[in-house]
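**Student:** Take this structure first; my questions come after.
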Amino acid sequence: MKELLASPAVRVGLSISIATGLYGISFGALSVTSGLDFWQTMALSLLLFSGGSQFAFIGVVGGGGSGIAAMSAATLLGMRNGIYGMQINALLRPEGWRKYVGAQVTIDESTATSTGQADPDEQRRGFWAAGIGIYVLWNLFTAVGALAGSGLGDPKQWGLDGAAVAAFLALLWPRLKGCEPVAIAVVCAVATVLAVPFVPAGVPILVAAVVAALIGWFSHGRSDEGLEPDVEPYQEHHGHRRHGGPVSGADT
């Protein structure tokens, strides 16, 4: 155990787990004040386990959108985890039950922690330390937030009906890197605002996704622009420092 805790990757993974897990409090509180009950909230964190997707889901539901619109928004944001999964599978080559557990805990943070390591053993330790640590703490703090949020009453009374969207934007905006991604975000925001009076709740976010996809398809932005990871992947191993490549995405 002492040797494990001395691992740079494990230390980074555990520190990320604490910082990210605390976001679960806000998700739990916002979820129950948006209309979901305690067990529905916990199911989202236990099964979906993708912070950005979860905030998008409750944002649509809290705005009066349909379940299909909420699931569509969550799916669009969660697709990046499938790409991470291919990367992690090639990097760590998990076998047996580790494949299934690893798939569940493959998120922005666990991928960034793993790919930021030079040594194969450190890559493995970083992935599991961040993935399992965040999973446990995210769900624990989701429960705390859900229990606390259930006593707040009507979300509109406190202005919480828009808090899920605000929380998601707060996570996303600081991670935009470069002029073109910022411009795309602004265009998508304008498209969303224009679509609100004419389409059902939950659909404007899908309109924004289509606009972003079209711009991305026809544009040729620089390779160093996009989304920053939730953490800067790094490590110190045997006196050497290495910076990993950027990992895109938005999560808990």
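In the structure tokens, chains take letters A, B, ... by order of appearance, with residues numbered from 1 within each chain and ligands from 1 in the order shown.
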Got a sec: who's within 10 Å of Val61 (chain A), counting only C-alpha atoms, leaving out chain neighbours fewer than 2 positions off, as a short mmCIF file (atom, residue, chain, number, x, y, z; two decimals) with N, CA and C atoms, in the first residue's frame?
**Tutor:**
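This went into out10.cif:
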data_model
loop_
_atom_site.label_atom_id
_atom_site.label_comp_id
_atom_site.auth_asym_id
_atom_site.auth_seq_id
_atom_site.Cartn_x
_atom_site.Cartn_y
_atom_site.Cartn_z
N SER A 31 -30.47 17.85 -9.57
CA SER A 31 -31.30 16.79 -10.14
C SER A 31 -32.65 16.67 -9.43
N SER A 34 -34.89 19.52 -10.05
CA SER A 34 -35.37 19.59 -11.43
C SER A 34 -36.50 18.60 -11.70
N GLY A 35 -36.86 17.81 -10.68
CA GLY A 35 -37.99 16.92 -10.84
C GLY A 35 -37.70 15.44 -10.67
N LEU A 36 -36.44 15.03 -10.62
CA LEU A 36 -36.12 13.63 -10.42
C LEU A 36 -36.12 13.31 -8.93
N PHE A 55 -25.53 16.49 -16.43
CA PHE A 55 -26.02 17.86 -16.32
C PHE A 55 -26.91 18.22 -17.50
N ALA A 56 -26.53 17.73 -18.70
CA ALA A 56 -27.36 17.99 -19.87
C ALA A 56 -28.73 17.33 -19.72
N PHE A 57 -28.76 16.12 -19.20
CA PHE A 57 -30.01 15.38 -19.03
C PHE A 57 -30.96 16.12 -18.10
N ILE A 58 -30.48 16.51 -16.92
CA ILE A 58 -31.37 17.18 -15.98
C ILE A 58 -31.70 18.60 -16.44
N GLY A 59 -30.80 19.21 -17.24
CA GLY A 59 -31.11 20.53 -17.77
C GLY A 59 -32.30 20.49 -18.70
N GLY A 63 -36.14 21.81 -17.82
CA GLY A 63 -36.74 22.80 -18.70
C GLY A 63 -38.04 22.35 -19.32
N GLY A 64 -38.51 21.15 -18.95
CA GLY A 64 -39.77 20.64 -19.46
C GLY A 64 -39.65 19.81 -20.72
N GLY A 65 -38.41 19.44 -21.10
CA GLY A 65 -38.20 18.64 -22.30
C GLY A 65 -38.61 17.20 -22.11
N SER A 66 -38.77 16.50 -23.21
CA SER A 66 -39.17 15.09 -23.16
C SER A 66 -37.99 14.21 -22.78
N GLY A 67 -38.29 12.96 -22.41
CA GLY A 67 -37.25 12.02 -22.06
C GLY A 67 -36.35 11.72 -23.25
N ILE A 68 -36.93 11.68 -24.43
CA ILE A 68 -36.15 11.40 -25.64
C ILE A 68 -35.15 12.53 -25.90
N ALA A 69 -35.61 13.77 -25.74
CA ALA A 69 -34.71 14.92 -25.94
C ALA A 69 -33.59 14.91 -24.91
N ALA A 70 -33.93 14.57 -23.66
CA ALA A 70 -32.92 14.51 -22.61
C ALA A 70 -31.89 13.43 -22.89
N MET A 71 -32.36 12.25 -23.31
CA MET A 71 -31.44 11.16 -23.62
C MET A 71 -30.59 11.48 -24.83
N ASP A 161 -33.98 26.40 -11.76
CA ASP A 161 -34.41 25.77 -13.01
C ASP A 161 -33.39 25.97 -14.12
N ALA A 201 -39.13 22.15 -25.61
CA ALA A 201 -38.01 22.16 -24.66
C ALA A 201 -37.14 20.93 -24.88
N GLY A 202 -35.86 21.14 -24.81
CA GLY A 202 -34.91 20.05 -25.02
C GLY A 202 -34.37 19.98 -26.43
#
**Student:** Identify, on the basis of only C-alpha atoms, every residue whose closest approach to Ala213 (chain A) does not exceed 12 Å; exclude the query and any residue fewer than 3 positions from it along the same chain; express the result as a list in words.
**Tutor:** Leu76, Pro181, Ile184, Ala185, Val187, Cys188, Leu206, Val207, Ala208, Ala209, Val210, Gly216, Trp217, Phe218 and Ser219 of chain A
**Student:** With C-alpha atoms retained, could you export that selection as a PDB file, in the first residue's frame?
**Tutor:**
ATOM      1  CA  LEU A  76     -24.321  13.411 -27.834  1.00  0.00           C
ATOM      2  CA  PRO A 181     -13.773  26.903 -30.553  1.00  0.00           C
ATOM      3  CA  ILE A 184     -18.257  28.029 -32.499  1.00  0.00           C
ATOM      4  CA  ALA A 185     -19.567  28.105 -28.925  1.00  0.00           C
ATOM      5  CA  VAL A 187     -22.624  30.656 -32.733  1.00  0.00           C
ATOM      6  CA  CYS A 188     -24.196  27.598 -31.101  1.00  0.00           C
ATOM      7  CA  LEU A 206     -29.894  19.377 -30.291  1.00  0.00           C
ATOM      8  CA  VAL A 207     -30.047  22.288 -32.734  1.00  0.00           C
ATOM      9  CA  ALA A 208     -26.810  23.612 -31.212  1.00  0.00           C
ATOM     10  CA  ALA A 209     -25.211  20.184 -31.605  1.00  0.00           C
ATOM     11  CA  VAL A 210     -26.152  20.043 -35.291  1.00  0.00           C
ATOM     12  CA  GLY A 216     -16.718  21.241 -37.517  1.00  0.00           C
ATOM     13  CA  TRP A 217     -17.303  19.262 -40.686  1.00  0.00           C
ATOM     14  CA  PHE A 218     -16.572  22.172 -43.025  1.00  0.00           C
ATOM     15  CA  SER A 219     -13.896  23.970 -41.015  1.00  0.00           C
TER      16      SER A 219
END
**Student:** Once you count only C-alpha atoms, what closest atom pair and distance in Å to one decimal does each residue of region 43-75 of chain A within 9 Å of region 116-137 of chain A have, with rows by chain and rising residue number, as a Markdown table?
**Tutor:**
| residue | atom | partner | partner_atom | distance |
| --- | --- | --- | --- | --- |
| A:Ser45 | CA | A:Tyr135 | CA | 8.5 |
| A:Leu46 | CA | A:Tyr135 | CA | 7.9 |
| A:Phe49 | CA | A:Tyr135 | CA | 7.4 |
**Student:** Could you find all residues in region 26-155 of chain A that DSSP calls alpha helix (DSSP H) from the backbone, and write them as a PyMOL selection string?
**Tutor:** chain A and resi 26-33+38-43+51-62+67-92+97-104+108-115+120-149
**Student:** Quick check, in Å to one decimal: how far apart do CA of Thr113 (chain A) and CA of Tyr100 (chain A) lie?
**Tutor:**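 Those two atoms sit 19.2 Å apart.
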**Student:** I need the residue nearest Ala29 (chain A) from this list: A:Ala212, A:Ala146, A:Val101, A:Val203. Use only C-alpha atoms for the distance.
**Tutor:**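 For Ala29 (chain A), the nearest of the candidates is A:Ala146.
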**Student:** Would you mind reading off the distance between CA of Val60 (chain A) and CA of Ser72 (chain A), one decimal, in Å?
**Tutor:** 9.9 Å
**Student:** Would you please work out which residue, of A:Gly149, A:Pro197, A:Gly21, A:Gly52, is nearest to Phe38 (chain A) when using only C-alpha atoms?
**Tutor:**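 Between A:Gly149, A:Pro197, A:Gly21, A:Gly52, the residue approaching Phe38 (chain A) most closely is A:Gly149.
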